[in-house]
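J.: Here's a structure for you.
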Amino acid sequence: MLPFIRSDLVQLTSYTPHPNSTDGKPITSVIDRLDTNECPYDLPSELKQKLAWIYQETIETNRYPDGGHAVLKEAIAEYVNQSANLRQGTIAPKQISVGNGSDELIRSLLIATCLGGEGSVLVANPTFSMYGILAETLKIPVITIERNSEFAIDWVAAQTAIETTNNPPIRVVFVVHPNSPTGNALTAAELDWLRSLPQDILVVIDEAYFEFSQTSVVSELSQKPNWVVLRTFSKAFRLAALRVGYAIASLEITTILEKVRLPYNLPSFSQVAALLALQQRDLLLQFIPLICEERTKLAQALSQYSALKVNNSAANFVYVQINHPVRANQLLADLAQQLRCSGTIVRLLSGGLRITVGSPAENSRTLTRLEAAVKNWDAFS
Ligand SMILES: *Cc1c(COP(=O)(O)O)cnc(C)c1O
């Protein structure tokens, strides 16, 4: 080990999507990447051409990008208000902070709240792993609690954790709405619990899948100075390659986020791409109903297997568990491996598989490959 590196980082596991080898076994040439919840469709080629033209005509690559993201923030605020049926201007451009993916904003929030022994964070597992990973890279303690059988947060345990953690105290609660990997949106009871949290705790509500779920807490932000909503262009807006996310919060919070970020965190190209995506959102988001329909079909088909337990999803993925008293995790790992060998990559988590809803062709291949894998199981025959 390098003597100048913090010893705790040696143990840390990084986020690793798309494992491209399967223990030495070859993968077939068709790879359906259904492990990272992207939209299955690339930007339409007329938009790519438009973007190429904008790049050619308006971006001077020798100049730094707009470090204040002024134009983009204005467009985002307009979209946020419109999509939450708020009066234009309810959320002002200054209440937006833009990040290099929402991952950057998660890190900025951690830096702004907990760094240097100031606080711990609370997460309810299973949930998005980046909260914990980024906290650990900053040596911020992560307190984890469980969810119930419907994957709702055990808020009695959460409340106890908040009351009993004091060295350092819990300063941030992270929730995803709807949750990844399980797909369930926050229930009325969970929302009431979040509303009851004291103002010295920051509540981060990650709405990465908002365009699929159409559920949002944005309309409550004006009453909640301790809430932040995170969104991203990586999922419904099809811009995962360009890394754009945003936070919506009170001016006090976004001012701090602007202070702690890197000055030129977002390349000019990413800024114009996000702007174009917003201008063309009717075109881009028209696939959302199709993806939601495909999700329902996929979930129904998977539910036909008595060995599988499929959770209700409000997002663009489904979470599948295996009903087996002792070997569930082994069977899950086998299933993920067999799917991968036949050309479908899904995300294996401890406890379940998360399968992204792809194009109709991809989803039908998922089902065919899963059928072939499950047929060989003796555990259920
Ligand atoms: C995909 C995802 C994000 C998006 O991250 P980016 O850095 O914007 O690509 C954020 N939160 C959750 C829960 C996600 O699933």
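If you're wondering about the labels, chains in the structure tokens are A, B, ... by order shown, residues count from 1 in each chain, ligands from 1 in order shown.
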Could you pull out the residues sitting within 8 Å of ligand 1, using only C-alpha atoms and all ligand atoms, and write them as a PyMOL selection string?
T.: chain A and resi 36-38+99-104+127-128+130+176+179-181+206-209+230-235+240+243-246
J.: Which residues, written as a list in words, have at least one atom at most 12 Å from A:Leu197, with only C-alpha atoms counted and residues fewer than 2 positions away on the same chain left out?
T.: Trp155, Ala158, Gln159, Ile162, Glu163, Ile170, Arg171, Val172, Val173, Glu190, Leu191, Asp192, Trp193, Leu194, Arg195, Gln199, Asp200, Ile201, Leu202, Val203, Val204, Lys224, Pro225, Asn226 and Trp227 of chain A
J.: Take the residues from that selection and put them in a file with C-alpha atoms, as a JSON list (two decimals), in the first residue's frame.
T.:
[["chain", "number", "residue", "atom", "x", "y", "z"],
["A", 155, "TRP", "CA", -39.02, 4.96, 10.06],
["A", 158, "ALA", "CA", -34.80, 5.74, 11.37],
["A", 159, "GLN", "CA", -36.16, 7.87, 14.18],
["A", 162, "ILE", "CA", -31.54, 10.01, 14.53],
["A", 163, "GLU", "CA", -32.14, 10.25, 18.28],
["A", 170, "ILE", "CA", -27.08, 12.65, 11.58],
["A", 171, "ARG", "CA", -27.13, 15.76, 9.39],
["A", 172, "VAL", "CA", -28.48, 14.33, 6.12],
["A", 173, "VAL", "CA", -31.13, 11.77, 5.17],
["A", 190, "GLU", "CA", -42.82, 7.99, 4.51],
["A", 191, "LEU", "CA", -43.46, 11.52, 3.23],
["A", 192, "ASP", "CA", -45.10, 12.46, 6.53],
["A", 193, "TRP", "CA", -42.07, 11.20, 8.37],
["A", 194, "LEU", "CA", -39.75, 13.26, 6.15],
["A", 195, "ARG", "CA", -41.97, 16.30, 6.77],
["A", 199, "GLN", "CA", -34.79, 21.68, 10.39],
["A", 200, "ASP", "CA", -31.26, 20.81, 11.45],
["A", 201, "ILE", "CA", -31.40, 17.73, 9.21],
["A", 202, "LEU", "CA", -31.08, 18.10, 5.45],
["A", 203, "VAL", "CA", -33.50, 15.88, 3.53],
["A", 204, "VAL", "CA", -32.26, 14.94, 0.05],
["A", 224, "LYS", "CA", -39.20, 23.22, 3.36],
["A", 225, "PRO", "CA", -35.92, 25.10, 3.80],
["A", 226, "ASN", "CA", -34.20, 21.81, 4.73],
["A", 227, "TRP", "CA", -35.20, 19.86, 1.60]]
J.: Separation of atom CA of A:Ala249 and atom CA of A:Val229, in Å?
T.: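 Here the two named atoms are 6.5 Å from each other.
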J.: Report the residues of stretch 114-321 of chain A whose backbone DSSP state falls under alpha helix (DSSP H), written as a ChimeraX atom specification.
T.: /A:130-137,155-164,188-196,210-213,251-260,268-279,281-285,288-303
J.: I'd like the interatomic distance between atom CA of A:Ala373 and atom CA of A:Leu335, to a tenth of an Å.
T.: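 Atom-to-atom, atom CA of A:Ala373 and atom CA of A:Leu335 are spaced 6.6 Å apart.
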J.: Would you please extract all strand (DSSP E or B) residues from stretch 148-369 of chain A, as assigned by DSSP on the backbone, and give them as an mmCIF file with N, CA, C and O atoms, in the first residue's frame?
T.:
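Output file part-v6.cif follows:
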data_model
loop_
_atom_site.group_PDB
_atom_site.id
_atom_site.type_symbol
_atom_site.label_atom_id
_atom_site.label_comp_id
_atom_site.auth_asym_id
_atom_site.auth_seq_id
_atom_site.Cartn_x
_atom_site.Cartn_y
_atom_site.Cartn_z
ATOM 1 N N ILE A 153 -39.378 2.557 4.138
ATOM 2 C CA ILE A 153 -38.370 2.814 5.170
ATOM 3 C C ILE A 153 -38.929 2.455 6.545
ATOM 4 O O ILE A 153 -40.063 2.809 6.873
ATOM 5 N N ASN A 166 -24.913 10.451 17.922
ATOM 6 C CA ASN A 166 -24.458 11.808 18.220
ATOM 7 C C ASN A 166 -22.979 12.081 18.007
ATOM 8 O O ASN A 166 -22.539 13.185 18.242
ATOM 9 N N PRO A 169 -23.639 13.690 14.894
ATOM 10 C CA PRO A 169 -25.076 13.468 14.696
ATOM 11 C C PRO A 169 -25.446 13.332 13.218
ATOM 12 O O PRO A 169 -24.693 13.754 12.342
ATOM 13 N N ILE A 170 -26.611 12.766 12.965
ATOM 14 C CA ILE A 170 -27.083 12.649 11.581
ATOM 15 C C ILE A 170 -27.491 14.034 11.081
ATOM 16 O O ILE A 170 -28.314 14.718 11.680
ATOM 17 N N ARG A 171 -26.870 14.433 9.966
ATOM 18 C CA ARG A 171 -27.135 15.757 9.386
ATOM 19 C C ARG A 171 -27.897 15.662 8.068
ATOM 20 O O ARG A 171 -28.471 16.636 7.601
ATOM 21 N N VAL A 172 -27.847 14.476 7.430
ATOM 22 C CA VAL A 172 -28.483 14.328 6.121
ATOM 23 C C VAL A 172 -29.199 12.983 6.040
ATOM 24 O O VAL A 172 -28.662 11.964 6.481
ATOM 25 N N VAL A 173 -30.419 13.010 5.484
ATOM 26 C CA VAL A 173 -31.135 11.772 5.166
ATOM 27 C C VAL A 173 -31.279 11.731 3.648
ATOM 28 O O VAL A 173 -31.759 12.697 3.044
ATOM 29 N N PHE A 174 -30.843 10.628 3.032
ATOM 30 C CA PHE A 174 -30.979 10.476 1.580
ATOM 31 C C PHE A 174 -32.114 9.505 1.260
ATOM 32 O O PHE A 174 -32.126 8.373 1.769
ATOM 33 N N VAL A 175 -33.045 9.933 0.425
ATOM 34 C CA VAL A 175 -34.063 8.997 -0.080
ATOM 35 C C VAL A 175 -34.182 9.165 -1.599
ATOM 36 O O VAL A 175 -33.878 10.237 -2.137
ATOM 37 N N VAL A 176 -34.596 8.096 -2.262
ATOM 38 C CA VAL A 176 -34.835 8.162 -3.699
ATOM 39 C C VAL A 176 -36.332 7.988 -3.918
ATOM 40 O O VAL A 176 -36.961 7.150 -3.279
ATOM 41 N N LEU A 202 -30.804 17.892 6.871
ATOM 42 C CA LEU A 202 -31.078 18.100 5.449
ATOM 43 C C LEU A 202 -31.711 16.836 4.874
ATOM 44 O O LEU A 202 -31.201 15.732 5.078
ATOM 45 N N VAL A 203 -32.823 17.012 4.166
ATOM 46 C CA VAL A 203 -33.497 15.876 3.527
ATOM 47 C C VAL A 203 -33.245 15.960 2.024
ATOM 48 O O VAL A 203 -33.630 16.945 1.385
ATOM 49 N N VAL A 204 -32.560 14.960 1.484
ATOM 50 C CA VAL A 204 -32.265 14.941 0.051
ATOM 51 C C VAL A 204 -33.205 13.947 -0.615
ATOM 52 O O VAL A 204 -33.192 12.760 -0.293
ATOM 53 N N ILE A 205 -34.043 14.462 -1.507
ATOM 54 C CA ILE A 205 -34.993 13.610 -2.199
ATOM 55 C C ILE A 205 -34.552 13.518 -3.656
ATOM 56 O O ILE A 205 -34.619 14.494 -4.409
ATOM 57 N N ASP A 206 -34.051 12.354 -4.014
ATOM 58 C CA ASP A 206 -33.454 12.142 -5.329
ATOM 59 C C ASP A 206 -34.548 11.672 -6.287
ATOM 60 O O ASP A 206 -35.061 10.569 -6.163
ATOM 61 N N TRP A 227 -35.060 20.903 2.618
ATOM 62 C CA TRP A 227 -35.195 19.859 1.597
ATOM 63 C C TRP A 227 -34.463 20.246 0.316
ATOM 64 O O TRP A 227 -34.471 21.418 -0.079
ATOM 65 N N VAL A 228 -33.875 19.241 -0.330
ATOM 66 C CA VAL A 228 -33.265 19.417 -1.653
ATOM 67 C C VAL A 228 -33.827 18.330 -2.562
ATOM 68 O O VAL A 228 -33.893 17.163 -2.160
ATOM 69 N N VAL A 229 -34.196 18.690 -3.769
ATOM 70 C CA VAL A 229 -34.583 17.687 -4.764
ATOM 71 C C VAL A 229 -33.455 17.575 -5.787
ATOM 72 O O VAL A 229 -32.933 18.587 -6.252
ATOM 73 N N LEU A 230 -33.075 16.333 -6.103
ATOM 74 C CA LEU A 230 -32.070 16.105 -7.149
ATOM 75 C C LEU A 230 -32.748 15.501 -8.378
ATOM 76 O O LEU A 230 -33.647 14.663 -8.255
ATOM 77 N N ARG A 231 -32.320 15.943 -9.532
ATOM 78 C CA ARG A 231 -32.794 15.374 -10.806
ATOM 79 C C ARG A 231 -31.592 15.158 -11.723
ATOM 80 O O ARG A 231 -30.503 15.652 -11.449
ATOM 81 N N THR A 232 -31.832 14.486 -12.841
ATOM 82 C CA THR A 232 -30.727 14.196 -13.752
ATOM 83 C C THR A 232 -31.187 14.190 -15.204
ATOM 84 O O THR A 232 -32.370 13.956 -15.476
ATOM 85 N N GLY A 245 -26.667 16.906 -14.068
ATOM 86 C CA GLY A 245 -27.698 16.734 -13.052
ATOM 87 C C GLY A 245 -27.986 18.082 -12.429
ATOM 88 O O GLY A 245 -27.240 19.050 -12.658
ATOM 89 N N TYR A 246 -29.073 18.190 -11.670
ATOM 90 C CA TYR A 246 -29.344 19.474 -11.020
ATOM 91 C C TYR A 246 -30.027 19.276 -9.678
ATOM 92 O O TYR A 246 -30.665 18.258 -9.427
ATOM 93 N N ALA A 247 -29.820 20.289 -8.834
ATOM 94 C CA ALA A 247 -30.479 20.319 -7.532
ATOM 95 C C ALA A 247 -31.477 21.464 -7.544
ATOM 96 O O ALA A 247 -31.236 22.496 -8.179
ATOM 97 N N ILE A 248 -32.600 21.263 -6.845
ATOM 98 C CA ILE A 248 -33.603 22.316 -6.681
ATOM 99 C C ILE A 248 -33.760 22.509 -5.178
ATOM 100 O O ILE A 248 -34.002 21.529 -4.449
ATOM 101 N N LEU A 308 -39.969 -16.290 -8.519
ATOM 102 C CA LEU A 308 -39.556 -14.887 -8.511
ATOM 103 C C LEU A 308 -40.576 -14.005 -7.799
ATOM 104 O O LEU A 308 -41.784 -14.233 -7.883
ATOM 105 N N LYS A 309 -40.057 -13.017 -7.116
ATOM 106 C CA LYS A 309 -40.922 -12.019 -6.485
ATOM 107 C C LYS A 309 -40.571 -10.678 -7.134
ATOM 108 O O LYS A 309 -39.423 -10.236 -7.094
ATOM 109 N N VAL A 310 -41.567 -10.044 -7.753
ATOM 110 C CA VAL A 310 -41.327 -8.813 -8.503
ATOM 111 C C VAL A 310 -41.940 -7.647 -7.747
ATOM 112 O O VAL A 310 -43.122 -7.677 -7.400
ATOM 113 N N PHE A 317 -37.269 0.445 -14.348
ATOM 114 C CA PHE A 317 -36.577 -0.811 -14.060
ATOM 115 C C PHE A 317 -37.483 -1.647 -13.167
ATOM 116 O O PHE A 317 -38.457 -1.123 -12.609
ATOM 117 N N VAL A 318 -37.182 -2.929 -13.082
ATOM 118 C CA VAL A 318 -37.929 -3.772 -12.143
ATOM 119 C C VAL A 318 -36.943 -4.488 -11.220
ATOM 120 O O VAL A 318 -35.810 -4.783 -11.612
ATOM 121 N N TYR A 319 -37.391 -4.731 -10.010
ATOM 122 C CA TYR A 319 -36.556 -5.375 -9.000
ATOM 123 C C TYR A 319 -37.126 -6.757 -8.733
ATOM 124 O O TYR A 319 -38.309 -6.892 -8.442
ATOM 125 N N VAL A 320 -36.271 -7.743 -8.892
ATOM 126 C CA VAL A 320 -36.708 -9.129 -8.803
ATOM 127 C C VAL A 320 -35.953 -9.829 -7.689
ATOM 128 O O VAL A 320 -34.725 -9.755 -7.620
ATOM 129 N N GLN A 321 -36.694 -10.503 -6.825
ATOM 130 C CA GLN A 321 -36.057 -11.315 -5.787
ATOM 131 C C GLN A 321 -36.390 -12.777 -6.025
ATOM 132 O O GLN A 321 -37.275 -13.103 -6.819
ATOM 133 N N ILE A 322 -35.718 -13.652 -5.318
ATOM 134 C CA ILE A 322 -35.967 -15.084 -5.478
ATOM 135 C C ILE A 322 -36.530 -15.634 -4.178
ATOM 136 O O ILE A 322 -35.997 -15.372 -3.098
ATOM 137 N N THR A 344 -27.408 -10.514 -21.744
ATOM 138 C CA THR A 344 -28.166 -9.462 -21.052
ATOM 139 C C THR A 344 -27.485 -9.146 -19.730
ATOM 140 O O THR A 344 -27.362 -10.023 -18.874
ATOM 141 N N ILE A 345 -27.031 -7.918 -19.593
ATOM 142 C CA ILE A 345 -26.389 -7.530 -18.340
ATOM 143 C C ILE A 345 -27.429 -6.872 -17.431
ATOM 144 O O ILE A 345 -28.095 -5.913 -17.832
ATOM 145 N N VAL A 346 -27.600 -7.419 -16.237
ATOM 146 C CA VAL A 346 -28.500 -6.807 -15.253
ATOM 147 C C VAL A 346 -27.663 -6.471 -14.013
ATOM 148 O O VAL A 346 -26.506 -6.871 -13.926
ATOM 149 N N ARG A 347 -28.248 -5.724 -13.096
ATOM 150 C CA ARG A 347 -27.472 -5.355 -11.903
ATOM 151 C C ARG A 347 -27.794 -6.318 -10.767
ATOM 152 O O ARG A 347 -28.939 -6.442 -10.344
ATOM 153 N N LEU A 348 -26.749 -6.977 -10.299
ATOM 154 C CA LEU A 348 -26.900 -7.892 -9.169
ATOM 155 C C LEU A 348 -26.613 -7.138 -7.883
ATOM 156 O O LEU A 348 -25.568 -6.516 -7.730
ATOM 157 N N LEU A 349 -27.585 -7.184 -6.962
ATOM 158 C CA LEU A 349 -27.395 -6.535 -5.665
ATOM 159 C C LEU A 349 -27.574 -7.601 -4.606
ATOM 160 O O LEU A 349 -28.078 -8.682 -4.895
ATOM 161 N N GLY A 352 -31.346 -8.995 -4.564
ATOM 162 C CA GLY A 352 -32.196 -8.957 -5.751
ATOM 163 C C GLY A 352 -31.457 -8.572 -7.017
ATOM 164 O O GLY A 352 -30.278 -8.226 -6.984
ATOM 165 N N LEU A 353 -32.185 -8.667 -8.139
ATOM 166 C CA LEU A 353 -31.653 -8.226 -9.423
ATOM 167 C C LEU A 353 -32.444 -7.011 -9.864
ATOM 168 O O LEU A 353 -33.668 -6.995 -9.771
ATOM 169 N N ARG A 354 -31.744 -6.014 -10.362
ATOM 170 C CA ARG A 354 -32.437 -4.862 -10.930
ATOM 171 C C ARG A 354 -32.283 -4.930 -12.442
ATOM 172 O O ARG A 354 -31.167 -4.976 -12.962
ATOM 173 N N ILE A 355 -33.415 -4.960 -13.125
ATOM 174 C CA ILE A 355 -33.403 -5.102 -14.576
ATOM 175 C C ILE A 355 -33.976 -3.833 -15.192
ATOM 176 O O ILE A 355 -35.129 -3.473 -14.946
ATOM 177 N N THR A 356 -33.174 -3.142 -15.992
ATOM 178 C CA THR A 356 -33.659 -1.931 -16.668
ATOM 179 C C THR A 356 -34.651 -2.323 -17.754
ATOM 180 O O THR A 356 -34.469 -3.328 -18.438
#
